[in-house]
Amino acid sequence: MESGLYSAQILSFLKTSYYITGDKKYKEHYDNLIVEHGYLGNLLLEKKVFPDANNHSDNQLAFCALYPLFQLEYDPRARDALQRTARRHYRVVGRDGSAFFYFAAATIDPDFVDIKGGVENLRQIPTDRRQWKMINSNRKDIIWNPIISRFGRPQLLYVLPADERNFDRWNRNPYYPDAGNGGRYEDDGGSWLLAYWMGRYHGFIDGEE
């Protein structure tokens with residue numbers, strides 16, 4: 001069951017709706033889900049961990065939902081649960097170097113996150129967003145993960161720098177050594193811009209960098 005992820009999403013939708021509209025019905029539903037149905041407890045198990053496969057699409061869905069909660073929730077008990085949720089999830093993606101996930105988690109727990117690693121990840125991603133074919137499976141310096149991906153594909157144990165592999169979007173598996181399609185597709189750049197401006201807004205990236 002995806003109860004943790006679903007809980008994060010519905011709480012985020014309600015919290016954001018109340019913030020935008022001021023309509024108390026959204027706050028009432030939000031509070032009811034927490035008090036009567038234990039949704040904060042669900043958040044603590046939001047990220048599935050081994051032996052479940054690392055679902056990178058769920059990583060993106062989760063941080064898109066959690067980020068507004070990190071900004072809008074001020075109750076100490078709720079923030080404690082959100083911080084613990086961020087730490088649990090970051091422990092899984094903390095080797096990925098994915099700036100968007102890093103920056104989102106850092107807005108509630110900056111001392112626990114490798115912010116400099118997120119900034120370096122953005123520096124490495126080529127500004128040419130054409131999806132050139134990148135082949136790394138023939139390299140001698142790579143280490144294969146004995147566990148295959150959730151799609152049954154071989155994957156690496158460690159992520160290569162973003163300028164040595166194909167980068168598409170944050171929900172793609174960064175452990176695949178080979179990706180891209182010969183430049184026949186151009187990414188819109190929105191993923192990079194999302195992380196960049198989040199980093200600028202929260203002060204993780206200086207305006208002169």
# chains A, B, ... in the order shown; residues from 1 in each chain; ligands from 1
$ closest_atom_pairs --of "range 73-145 of chain A" --to "range 160-173 of chain A" --cutoff "10 Å" --atoms "only C-alpha atoms" --output "JSON lines"
{"residue": "A:Asp96", "atom": "CA", "partner": "A:Leu160", "partner_atom": "CA", "distance": 8.9}
{"residue": "A:Gly97", "atom": "CA", "partner": "A:Pro161", "partner_atom": "CA", "distance": 8.3}
{"residue": "A:Ser98", "atom": "CA", "partner": "A:Trp170", "partner_atom": "CA", "distance": 6.8}
{"residue": "A:Ala99", "atom": "CA", "partner": "A:Trp170", "partner_atom": "CA", "distance": 8.5}
{"residue": "A:Phe100", "atom": "CA", "partner": "A:Trp170", "partner_atom": "CA", "distance": 7.2}
{"residue": "A:Phe101", "atom": "CA", "partner": "A:Trp170", "partner_atom": "CA", "distance": 8.2}
{"residue": "A:Glu120", "atom": "CA", "partner": "A:Ala162", "partner_atom": "CA", "distance": 9.2}
{"residue": "A:Asn121", "atom": "CA", "partner": "A:Ala162", "partner_atom": "CA", "distance": 6.4}
{"residue": "A:Leu122", "atom": "CA", "partner": "A:Ala162", "partner_atom": "CA", "distance": 8.3}
{"residue": "A:Arg123", "atom": "CA", "partner": "A:Ala162", "partner_atom": "CA", "distance": 8.7}
{"residue": "A:Gln124", "atom": "CA", "partner": "A:Asp163", "partner_atom": "CA", "distance": 5.0}
{"residue": "A:Ile125", "atom": "CA", "partner": "A:Ala162", "partner_atom": "CA", "distance": 5.3}
{"residue": "A:Pro126", "atom": "CA", "partner": "A:Asp163", "partner_atom": "CA", "distance": 6.3}
{"residue": "A:Arg129", "atom": "CA", "partner": "A:Asp168", "partner_atom": "CA", "distance": 8.0}
{"residue": "A:Arg130", "atom": "CA", "partner": "A:Asp168", "partner_atom": "CA", "distance": 9.1}
{"residue": "A:Gln131", "atom": "CA", "partner": "A:Asn166", "partner_atom": "CA", "distance": 6.8}
{"residue": "A:Trp132", "atom": "CA", "partner": "A:Asn166", "partner_atom": "CA", "distance": 7.0}
{"residue": "A:Lys133", "atom": "CA", "partner": "A:Asn166", "partner_atom": "CA", "distance": 7.1}
{"residue": "A:Met134", "atom": "CA", "partner": "A:Arg165", "partner_atom": "CA", "distance": 5.6}
{"residue": "A:Ile135", "atom": "CA", "partner": "A:Arg165", "partner_atom": "CA", "distance": 7.6}
{"residue": "A:Asn136", "atom": "CA", "partner": "A:Arg165", "partner_atom": "CA", "distance": 7.4}
{"residue": "A:Ile142", "atom": "CA", "partner": "A:Leu160", "partner_atom": "CA", "distance": 8.5}
$ residues_around --residues "Phe63 in chain A" --least-positions-apart "4" --cutoff "10 Å" --atoms "only C-alpha atoms" --output "list in words"
Leu5, Ala8, Gln9, Asp58, Asn59, Tyr67, Pro68, Leu69, Phe70, Ala86, His89, Phe100, Phe101, Tyr102, Phe103, Ala104 and Ala105 of chain A
$ write_last_selection --atoms "C-alpha atoms" --output "PDB file, in the first residue's frame"
ATOM      1  CA  LEU A   5       2.633   8.790   0.052  1.00  0.00           C
ATOM      2  CA  ALA A   8       1.439  13.212   2.312  1.00  0.00           C
ATOM      3  CA  GLN A   9      -0.383  14.218  -0.851  1.00  0.00           C
ATOM      4  CA  ASP A  58       7.512   8.251  -5.906  1.00  0.00           C
ATOM      5  CA  ASN A  59      10.512  10.253  -4.687  1.00  0.00           C
ATOM      6  CA  TYR A  67       7.617  20.693   0.340  1.00  0.00           C
ATOM      7  CA  PRO A  68       4.447  22.798   0.930  1.00  0.00           C
ATOM      8  CA  LEU A  69       3.969  21.095   4.294  1.00  0.00           C
ATOM      9  CA  PHE A  70       7.522  21.969   5.269  1.00  0.00           C
ATOM     10  CA  ALA A  86      12.376  14.112   5.579  1.00  0.00           C
ATOM     11  CA  HIS A  89      13.494   9.753   2.885  1.00  0.00           C
ATOM     12  CA  PHE A 100      15.567  18.971  -6.042  1.00  0.00           C
ATOM     13  CA  PHE A 101      15.224  16.269  -3.378  1.00  0.00           C
ATOM     14  CA  TYR A 102      18.129  17.709  -1.389  1.00  0.00           C
ATOM     15  CA  PHE A 103      16.823  21.276  -1.408  1.00  0.00           C
ATOM     16  CA  ALA A 104      13.258  20.254  -0.544  1.00  0.00           C
ATOM     17  CA  ALA A 105      14.468  18.268   2.479  1.00  0.00           C
TER      18      ALA A 105
END
$ closest_atom_pairs --of "range 57-170 of chain A" --to "range 44-50 of chain A" --cutoff "10 Å" --atoms "only C-alpha atoms" --output "CSV"
residue,atom,partner,partner_atom,distance
A:Asp58,CA,A:Lys47,CA,8.3
A:Asn59,CA,A:Lys47,CA,7.8
A:Ala62,CA,A:Glu46,CA,7.9
A:Ala81,CA,A:Leu44,CA,6.6
A:Leu82,CA,A:Leu44,CA,7.6
A:Gln83,CA,A:Leu44,CA,9.2
A:Arg84,CA,A:Leu44,CA,6.7
A:Thr85,CA,A:Leu44,CA,5.0
A:Ala86,CA,A:Leu44,CA,8.7
A:Arg87,CA,A:Leu44,CA,9.6
A:Arg88,CA,A:Lys47,CA,7.0
A:His89,CA,A:Lys47,CA,5.5
A:Tyr90,CA,A:Lys47,CA,9.2
A:Arg91,CA,A:Val49,CA,9.6
A:Val92,CA,A:Val49,CA,7.3
$ select_by_dssp --residues "chain A" --states "helix (DSSP H, G or I)" --output "ChimeraX atom specification"
/A:3-21,24-35,39-44,56-72,76-93,99-106,110-112,115-124,162-164,190-201
$ atom_distance --atom1 "CA of Tyr201 in chain A" --atom2 "CA of Glu186 in chain A"
26.7 Å
$ decode --residues "range 155-197 of chain A" --atoms "C-alpha atoms" --output "CSV table (one decimal), in the first residue's frame"
chain,number,residue,atom,x,y,z
A,155,GLN,CA,22.0,-0.5,-12.3
A,156,LEU,CA,25.1,0.9,-10.6
A,157,LEU,CA,25.9,0.9,-7.0
A,158,TYR,CA,27.1,4.6,-7.1
A,159,VAL,CA,25.7,7.5,-9.1
A,160,LEU,CA,28.1,8.9,-11.7
A,161,PRO,CA,28.5,12.7,-11.9
A,162,ALA,CA,25.6,14.3,-13.8
A,163,ASP,CA,28.0,15.5,-16.6
A,164,GLU,CA,29.1,11.9,-17.2
A,165,ARG,CA,25.6,10.5,-17.7
A,166,ASN,CA,22.3,11.4,-19.2
A,167,PHE,CA,20.1,13.6,-17.0
A,168,ASP,CA,16.5,13.9,-17.9
A,169,ARG,CA,14.3,14.6,-14.9
A,170,TRP,CA,14.3,14.0,-11.2
A,171,ASN,CA,12.0,11.0,-11.4
A,172,ARG,CA,14.4,9.1,-13.6
A,173,ASN,CA,16.7,6.5,-12.1
A,174,PRO,CA,20.2,8.1,-11.8
A,175,TYR,CA,21.9,4.7,-11.3
A,176,TYR,CA,21.3,3.6,-14.9
A,177,PRO,CA,24.7,3.7,-16.7
A,178,ASP,CA,23.3,4.1,-20.2
A,179,ALA,CA,20.5,6.5,-21.2
A,180,GLY,CA,19.5,9.1,-23.8
A,181,ASN,CA,18.4,8.7,-27.5
A,182,GLY,CA,21.0,10.3,-29.7
A,183,GLY,CA,19.8,13.9,-29.3
A,184,ARG,CA,16.4,13.3,-30.9
A,185,TYR,CA,14.6,14.6,-27.8
A,186,GLU,CA,15.2,17.9,-26.0
A,187,ASP,CA,14.1,18.3,-22.4
A,188,ASP,CA,12.3,21.5,-21.5
A,189,GLY,CA,14.7,22.3,-18.7
A,190,GLY,CA,11.9,22.7,-16.1
A,191,SER,CA,13.4,20.2,-13.8
A,192,TRP,CA,16.7,22.0,-13.5
A,193,LEU,CA,14.9,25.4,-13.1
A,194,LEU,CA,12.7,24.0,-10.4
A,195,ALA,CA,15.6,23.0,-8.3
A,196,TYR,CA,17.7,26.1,-9.1
A,197,TRP,CA,15.0,28.6,-8.2
